[in-house]
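Dropping structure-v9.cif in here (mmCIF, C-alpha atoms and all ligand atoms):
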```
data_target
loop_
_atom_site.label_atom_id
_atom_site.label_comp_id
_atom_site.auth_asym_id
_atom_site.auth_seq_id
_atom_site.Cartn_x
_atom_site.Cartn_y
_atom_site.Cartn_z
CA MET A 1 0.00 0.00 0.00
CA ILE A 2 1.38 3.39 -0.96
CA LYS A 3 1.30 5.89 1.89
CA PHE A 4 1.21 9.49 0.74
CA TYR A 5 2.65 12.34 2.77
CA HIS A 6 2.87 10.47 6.04
CA THR A 7 4.88 7.75 7.61
CA GLY A 8 3.82 4.39 8.93
CA ASP A 9 3.33 5.70 12.45
CA SER A 10 0.88 8.39 11.34
CA ASN A 11 -2.74 8.37 12.49
CA LEU A 12 -4.13 9.37 9.12
CA PRO A 13 -7.17 7.25 8.32
CA TYR A 14 -6.75 7.41 4.53
CA ASN A 15 -4.46 5.70 2.10
CA MET A 16 -3.99 6.10 -1.59
CA ARG A 17 -2.99 3.53 -4.13
CA PRO A 18 -3.27 2.87 -7.86
CA MET A 19 -6.76 1.91 -9.05
CA GLN A 20 -7.22 -1.80 -9.70
CA PRO A 21 -9.84 -3.63 -11.80
CA GLU A 22 -11.49 -4.82 -8.56
CA ASP A 23 -12.13 -1.18 -7.60
CA ILE A 24 -14.18 -0.34 -10.66
CA ALA A 25 -17.59 -1.14 -9.16
CA GLN A 26 -17.02 1.28 -6.29
CA VAL A 27 -15.43 3.87 -8.58
CA ILE A 28 -18.51 3.77 -10.83
CA GLU A 29 -20.70 4.20 -7.75
CA ILE A 30 -18.77 7.38 -6.83
CA ASP A 31 -18.78 8.53 -10.46
CA ARG A 32 -22.59 8.15 -10.70
CA GLU A 33 -23.07 10.07 -7.48
CA ALA A 34 -20.77 12.88 -8.64
CA PHE A 35 -21.63 13.04 -12.35
CA PRO A 36 -25.15 11.56 -12.72
CA THR A 37 -25.95 13.39 -15.96
CA ILE A 38 -22.90 12.22 -17.88
CA TRP A 39 -23.92 9.20 -19.89
CA PRO A 40 -22.42 6.77 -20.56
CA PRO A 41 -20.11 6.88 -17.53
CA THR A 42 -16.37 6.74 -18.08
CA ASP A 43 -15.15 3.26 -18.98
CA TYR A 44 -12.64 2.81 -16.16
CA SER A 45 -11.60 -0.65 -17.28
CA ARG A 46 -10.41 0.99 -20.51
CA GLU A 47 -8.68 3.74 -18.54
CA LEU A 48 -6.78 1.13 -16.55
CA LYS A 49 -5.42 -0.30 -19.79
CA ASN A 50 -4.52 3.09 -21.21
CA PRO A 51 -0.75 3.50 -21.00
CA LEU A 52 -1.14 7.29 -20.85
CA ALA A 53 -3.51 7.19 -17.89
CA CYS A 54 -2.84 7.41 -14.15
CA CYS A 55 -5.73 6.38 -11.94
CA LEU A 56 -5.67 6.36 -8.15
CA VAL A 57 -8.12 5.66 -5.36
CA THR A 58 -8.33 6.81 -1.74
CA ILE A 59 -9.34 4.26 0.85
CA ASP A 60 -10.92 4.66 4.27
CA ASP A 61 -8.81 2.28 6.35
CA GLN A 62 -11.45 2.09 9.06
CA LYS A 63 -14.25 0.79 6.90
CA THR A 64 -14.81 -2.28 4.74
CA ALA A 65 -16.64 -2.20 1.46
CA PRO A 66 -20.17 -3.58 1.28
CA GLU A 67 -21.16 -5.78 -1.67
CA PRO A 68 -20.87 -3.63 -4.81
CA ARG A 69 -24.17 -2.27 -6.07
CA VAL A 70 -22.83 -1.75 -9.58
CA PRO A 71 -21.33 -4.88 -11.13
CA PRO A 72 -17.91 -4.44 -12.73
CA VAL A 73 -17.95 -4.31 -16.51
CA PRO A 74 -17.28 -7.87 -17.70
CA GLU A 75 -14.15 -8.30 -19.79
CA SER A 76 -14.26 -10.11 -23.10
CA GLY A 77 -11.78 -12.92 -23.76
CA LEU A 78 -9.70 -10.55 -25.90
CA SER A 79 -9.70 -7.79 -23.23
CA ARG A 80 -8.65 -10.31 -20.61
CA LEU A 81 -5.75 -11.35 -22.82
CA ILE A 82 -4.74 -7.72 -23.45
CA SER A 83 -4.94 -7.02 -19.68
CA ARG A 84 -2.64 -9.92 -18.97
CA PHE A 85 -0.07 -8.59 -21.44
CA GLN A 86 -0.37 -5.09 -20.04
CA ARG A 87 0.07 -6.33 -16.51
CA LEU A 88 3.14 -8.17 -17.68
CA PHE A 89 4.58 -5.04 -19.23
CA LYS A 90 3.13 -2.65 -16.66
CA GLY A 91 1.21 -0.52 -19.19
CA ASN A 92 -0.53 1.82 -16.73
CA ARG A 93 1.34 4.86 -15.42
CA PHE A 94 0.38 3.85 -11.90
CA PRO A 95 1.88 0.35 -11.95
CA SER A 96 1.09 -1.45 -8.75
CA ALA A 97 4.25 -2.20 -6.80
CA GLU A 98 2.21 -3.88 -4.10
CA PRO A 99 0.70 -7.32 -3.81
CA PRO A 100 -2.95 -7.66 -4.94
CA HIS A 101 -5.18 -6.02 -2.36
CA SER A 102 -8.34 -7.21 -0.71
CA ASP A 103 -11.69 -6.53 -2.42
CA SER A 104 -12.97 -5.15 0.86
CA HIS A 105 -11.15 -1.80 0.71
CA TYR A 106 -13.69 0.98 1.03
CA ILE A 107 -12.98 3.56 -1.66
CA VAL A 108 -13.93 7.12 -0.80
CA GLY A 109 -12.55 8.93 -3.82
CA PHE A 110 -10.69 8.56 -7.06
CA ALA A 111 -8.73 10.67 -9.52
CA SER A 112 -7.47 10.11 -13.02
CA MET A 113 -5.05 11.92 -15.28
CA TRP A 114 -3.53 11.48 -18.69
CA VAL A 115 0.08 12.42 -19.21
CA ILE A 116 0.74 13.38 -22.80
CA THR A 117 4.24 14.63 -23.61
CA ASP A 118 4.90 17.42 -21.09
CA GLU A 119 1.30 17.90 -19.95
CA GLY A 120 -0.70 16.16 -17.26
CA HIS A 121 -4.45 16.48 -17.89
CA VAL A 122 -6.75 15.73 -14.96
CA THR A 123 -9.63 13.78 -16.50
CA ASN A 124 -11.62 13.17 -13.32
CA ILE A 125 -11.60 13.63 -9.59
CA ALA A 126 -14.44 12.83 -7.19
CA VAL A 127 -15.05 12.13 -3.52
CA ARG A 128 -18.02 10.33 -1.95
CA GLU A 129 -20.47 12.91 -0.63
CA PRO A 130 -20.19 12.02 3.09
CA TYR A 131 -16.38 12.29 2.80
CA ARG A 132 -16.23 15.72 1.18
CA ARG A 133 -14.69 18.80 2.81
CA GLN A 134 -12.15 16.76 4.73
CA GLY A 135 -9.17 17.30 2.46
CA ILE A 136 -9.44 14.13 0.36
CA GLY A 137 -9.86 16.09 -2.88
CA GLU A 138 -6.70 18.00 -2.00
CA LEU A 139 -4.85 14.83 -1.12
CA MET A 140 -5.63 13.35 -4.53
CA LEU A 141 -4.83 16.54 -6.44
CA LEU A 142 -1.44 16.64 -4.72
CA ALA A 143 -0.80 13.03 -5.67
CA VAL A 144 -1.78 13.75 -9.26
CA ILE A 145 0.56 16.74 -9.45
CA ASP A 146 3.40 14.66 -7.95
CA LYS A 147 2.72 11.92 -10.49
CA ALA A 148 2.71 14.43 -13.34
CA ARG A 149 6.19 15.59 -12.26
CA GLU A 150 7.38 12.02 -12.02
CA TYR A 151 6.33 11.54 -15.65
CA LYS A 152 8.19 14.67 -16.71
CA ALA A 153 5.16 16.88 -17.23
CA ASN A 154 5.71 20.61 -16.88
CA VAL A 155 2.10 21.68 -16.43
CA VAL A 156 -1.18 20.18 -15.28
CA THR A 157 -4.38 21.18 -17.06
CA LEU A 158 -8.08 20.40 -16.72
CA GLU A 159 -11.60 21.41 -17.71
CA VAL A 160 -14.27 22.15 -15.16
CA ARG A 161 -17.93 23.13 -15.47
CA ALA A 162 -18.47 26.87 -15.19
CA SER A 163 -21.03 26.22 -12.41
CA ASN A 164 -18.71 23.95 -10.40
CA THR A 165 -17.36 26.59 -8.05
CA ALA A 166 -16.35 24.08 -5.37
CA ALA A 167 -13.97 22.30 -7.73
CA GLN A 168 -12.70 25.59 -9.16
CA ARG A 169 -11.84 26.77 -5.64
CA LEU A 170 -9.93 23.57 -5.04
CA TYR A 171 -7.97 24.02 -8.27
CA ARG A 172 -7.25 27.70 -7.60
CA LYS A 173 -5.96 26.83 -4.16
CA TYR A 174 -3.41 24.59 -5.92
CA GLY A 175 -2.27 27.22 -8.37
CA PHE A 176 -4.52 26.52 -11.35
CA ASN A 177 -5.56 29.60 -13.30
CA GLN A 178 -8.26 30.03 -15.89
CA VAL A 179 -6.76 30.19 -19.37
CA GLY A 180 -9.83 29.79 -21.53
CA LEU A 181 -13.48 28.93 -21.90
CA ARG A 182 -15.04 26.27 -24.15
CA ARG A 183 -18.55 27.40 -24.90
CA GLY A 184 -21.26 24.72 -24.66
CA TYR A 185 -18.64 22.03 -24.06
CA TYR A 186 -20.75 19.71 -21.89
CA MET A 187 -23.21 17.68 -23.94
CA ASP A 188 -25.85 17.17 -21.24
CA ASN A 189 -26.72 20.83 -20.60
CA LYS A 190 -24.49 22.69 -23.05
CA GLU A 191 -22.64 24.24 -20.12
CA ASP A 192 -19.34 26.03 -20.72
CA ALA A 193 -16.06 24.45 -19.65
CA VAL A 194 -13.48 26.55 -17.89
CA LEU A 195 -9.96 25.59 -18.95
CA MET A 196 -7.44 25.78 -16.16
CA THR A 197 -3.71 25.23 -16.01
CA THR A 198 -0.85 25.47 -13.56
CA GLU A 199 2.36 27.34 -14.07
CA ASP A 200 5.50 25.20 -14.42
CA ILE A 201 5.00 22.53 -11.75
CA ASN A 202 8.77 22.09 -11.46
CA SER A 203 9.41 25.75 -10.73
CA ALA A 204 10.65 26.76 -7.28
CA PRO A 205 7.64 29.04 -6.50
CA PHE A 206 5.14 26.34 -7.45
CA GLN A 207 6.95 23.68 -5.45
CA SER A 208 7.24 25.95 -2.44
CA ARG A 209 3.47 26.58 -2.55
CA ILE A 210 2.84 22.82 -2.84
CA GLN A 211 5.10 22.04 0.12
CA GLN A 212 3.24 24.57 2.25
CA LEU A 213 -0.14 23.18 1.22
CA LYS A 214 1.03 19.63 1.97
CA GLN A 215 2.10 20.68 5.43
CA THR A 216 -1.22 22.39 6.18
CA LEU A 217 -3.19 19.48 4.76
CA SER A 218 -1.22 16.95 6.72
CA THR A 219 -2.02 18.79 9.97
CA LYS A 220 -5.69 19.15 8.97
CA LEU A 221 -6.02 15.43 8.19
CA GLU A 222 -4.32 14.36 11.42
CA ILE A 223 -6.75 16.53 13.37
CA THR A 224 -9.76 15.25 11.43
C1 LIG B 1 -14.52 18.79 -6.06
C2 LIG B 1 -14.34 17.68 -5.00
C3 LIG B 1 -13.51 16.56 -5.62
C4 LIG B 1 -13.57 18.28 -3.80
O1 LIG B 1 -13.26 17.24 -2.90
P1 LIG B 1 -13.25 17.46 -1.32
O2 LIG B 1 -12.58 16.31 -0.71
O3 LIG B 1 -14.62 17.78 -0.83
O4 LIG B 1 -12.38 18.78 -1.21
P2 LIG B 1 -11.39 19.19 -0.05
O5 LIG B 1 -12.00 18.94 1.27
O6 LIG B 1 -10.08 18.61 -0.31
O7 LIG B 1 -11.38 20.77 -0.28
C5 LIG B 1 -10.24 21.45 -0.69
C6 LIG B 1 -10.59 22.84 -1.14
O8 LIG B 1 -11.53 22.81 -2.23
C7 LIG B 1 -12.45 23.88 -2.09
N1 LIG B 1 -13.78 23.32 -1.86
C8 LIG B 1 -14.09 22.01 -1.82
N2 LIG B 1 -15.43 21.86 -1.65
C9 LIG B 1 -15.95 23.09 -1.59
C10 LIG B 1 -17.27 23.58 -1.44
N3 LIG B 1 -18.31 22.77 -1.33
N4 LIG B 1 -17.46 24.92 -1.46
C11 LIG B 1 -16.42 25.76 -1.58
N5 LIG B 1 -15.13 25.35 -1.72
C12 LIG B 1 -14.91 24.03 -1.73
C13 LIG B 1 -11.97 24.72 -0.93
O9 LIG B 1 -11.06 25.67 -1.45
C14 LIG B 1 -11.24 23.70 -0.09
O10 LIG B 1 -10.24 24.26 0.70
P3 LIG B 1 -10.60 24.79 2.20
O11 LIG B 1 -11.06 23.56 2.94
O12 LIG B 1 -9.29 25.32 2.68
O13 LIG B 1 -11.67 25.79 2.03
C15 LIG B 1 -15.70 17.17 -4.48
O14 LIG B 1 -16.51 18.27 -4.12
C16 LIG B 1 -16.46 16.31 -5.47
O15 LIG B 1 -16.27 15.09 -5.54
N6 LIG B 1 -17.34 16.94 -6.26
C17 LIG B 1 -18.09 16.20 -7.28
C18 LIG B 1 -17.22 15.81 -8.43
C19 LIG B 1 -16.59 17.01 -9.10
O16 LIG B 1 -17.22 18.05 -9.27
N7 LIG B 1 -15.33 16.84 -9.51
C20 LIG B 1 -14.59 17.85 -10.20
C21 LIG B 1 -14.73 17.65 -11.67
S1 LIG B 1 -13.79 18.85 -12.58
#
```
Please, can you express the file's structure as structure tokens?
Amino acid sequence: MIKFYHTGDSNLPYNMRPMQPEDIAQVIEIDREAFPTIWPPTDYSRELKNPLACCLVTIDDQKTAPEPRVPPVPESGLSRLISRFQRLFKGNRFPSAEPPHSDSHYIVGFASMWVITDEGHVTNIAVREPYRRQGIGELMLLAVIDKAREYKANVVTLEVRASNTAAQRLYRKYGFNQVGLRRGYYMDNKEDAVLMTTEDINSAPFQSRIQQLKQTLSTKLEIT
């Protein structure tokens, strides 16, 4: 299990790790709660096979998962074969360095990003409603930014609904600025998309801001 921003003796109740096929049912549950009007939902089994994608989940260590309400998307014989090859060659950008985990991990949030050349693009981030406003969104955004650096990206970009002020505040807190607007971008209600990007994530000012935010978040999570 990957521990982010804290050591083994920490009291933090959350852990993050790469998303696994077994997580998809819970991830879809969170996706449906967060983005009910987007149809069809993202195909996370395809994302897991995408060599450009990084997908992570946050787990509540103190809770076990109930039986999934949404069945995982069944894999065809060919997909199973492709998965086996990709596991062999570690296709996903979040290759699991850990042994297979238990199905009972309770997932409280997930995030995904594509890294294309020098740009990390956050494709999704969501937290279960009862777990919001506790810093989990921040925790995952930090992990995504760290991962983008690891894969030699210089900037992180994203699109967010114009009405989604909560998410925009989160992104602004982490140094994302609006750089454009895509009119009528979202198919369901023709809402505009706000394009946001960071400055150079490897620059000293950006890293200093991130270190400060990590510190504050770490304290906040320990208290929570
Ligand atoms: C956006 C989302 C991922 C944030 O996750 P979260 O765990 O609740 O956020 P955090 O507790 O880490 O909040 C971090 C910061 O985000 C901002 N923020 C988060 N929720 C907010 C809200 N409801 N209102 C105002 N600001 C909010 C604040 O700046 C907050 O910092 P603060 O606590 O110092 O004020 C979560 O609200 C969510 O899952 N929403 C539905 C899915 C979604 O819209 N995803 C974004 C798609 S682009």
### Message
Neighbouring residues of ligand LIG 1 (chain B) are defined here as those with any atom at most 9 Å from a ligand atom, counting all atoms listed in the file; list them as a VMD selection string.
### Response
chain A and resid 30 to 31 33 to 35 109 to 111 122 to 141 158 to 161 164 to 174 217
Exercise. Can you tell me, as a PyMOL selection string, what residues are no more than 12 Å from Lys63 (chain A) when counting all atoms listed in the file, ignoring any on the same chain fewer than 4 positions away?
Worked result: chain A and resi 13-15+59+104-108
C-alpha atoms of the current selection, written as an mmCIF file, keeping the file's coordinate frame:
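Final output, part26.cif:
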```
data_model
loop_
_atom_site.group_PDB
_atom_site.id
_atom_site.type_symbol
_atom_site.label_atom_id
_atom_site.label_comp_id
_atom_site.auth_asym_id
_atom_site.auth_seq_id
_atom_site.Cartn_x
_atom_site.Cartn_y
_atom_site.Cartn_z
ATOM 1 C CA PRO A 13 -7.170 7.250 8.320
ATOM 2 C CA TYR A 14 -6.750 7.410 4.530
ATOM 3 C CA ASN A 15 -4.460 5.700 2.100
ATOM 4 C CA ILE A 59 -9.340 4.260 0.850
ATOM 5 C CA SER A 104 -12.970 -5.150 0.860
ATOM 6 C CA HIS A 105 -11.150 -1.800 0.710
ATOM 7 C CA TYR A 106 -13.690 0.980 1.030
ATOM 8 C CA ILE A 107 -12.980 3.560 -1.660
ATOM 9 C CA VAL A 108 -13.930 7.120 -0.800
#
```
Computed gap from CA of Ile38 (chain A) to CA of Pro21 (chain A) is 21.4 Å
Best match for closeness to Glu29 (chain A) among A:Val155, A:Cys55, A:Arg17, A:Pro66, counting all atoms listed in the file =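 Among the listed residues, A:Pro66 lies closest to Glu29 (chain A).
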Using only C-alpha atoms, the residue out of A:Lys220, A:Lys214, A:Arg209, A:Arg46 with shortest distance to Phe176 (chain A) is A:Arg209
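Distance annotation: of A:Ala162, A:Ile201, A:Ala143, A:Ala148, the residue with the minimal separation from Tyr186 (chain A) is A:Ala162; atom set is all atoms listed in the file.
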Computed interatomic separation between CA of Thr64 (chain A) and CA of Gln215 (chain A) (Å)
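One can read the CA of Thr64 (chain A) to CA of Gln215 (chain A) distance as 28.5 Å.
CA of Glu119 (chain A) sits 26.7 Å away from CA of Trp39 (chain A).
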So, counting all atoms listed in the file, which residue among A:Leu142, A:Met19, A:Val179, A:Met187 is closest to Leu213 (chain A)?
->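 Of A:Leu142, A:Met19, A:Val179, A:Met187, the one nearest Leu213 (chain A) is A:Leu142, counting all atoms listed in the file.
Within 10 Å of the point (-0.3, 24.4, -16.5) in file coordinates, and counting only C-alpha atoms, lie the residues Asp118, Glu119, Gly120, His121, Ala153, Asn154, Val155, Val156, Thr157, Leu158, Gly175, Phe176, Asn177, Gln178, Val179, Met196, Thr197, Thr198, Glu199, Asp200 and Ile201 of chain A.
Distance annotation: of A:Pro40, A:Val57, A:Pro51, A:Ser208, the residue with the minimal separation from Gln20 (chain A) is A:Val57; atom set is only C-alpha atoms.
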### Message
Could you check the closest approach to Cys54 (chain A) for each of A:Pro41, A:Ile28, A:Leu181, A:Trp114 and tell me which residue wins, using all atoms listed in the file?
### Response
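Distance minimum relative to Cys54 (chain A) lands on A:Trp114.
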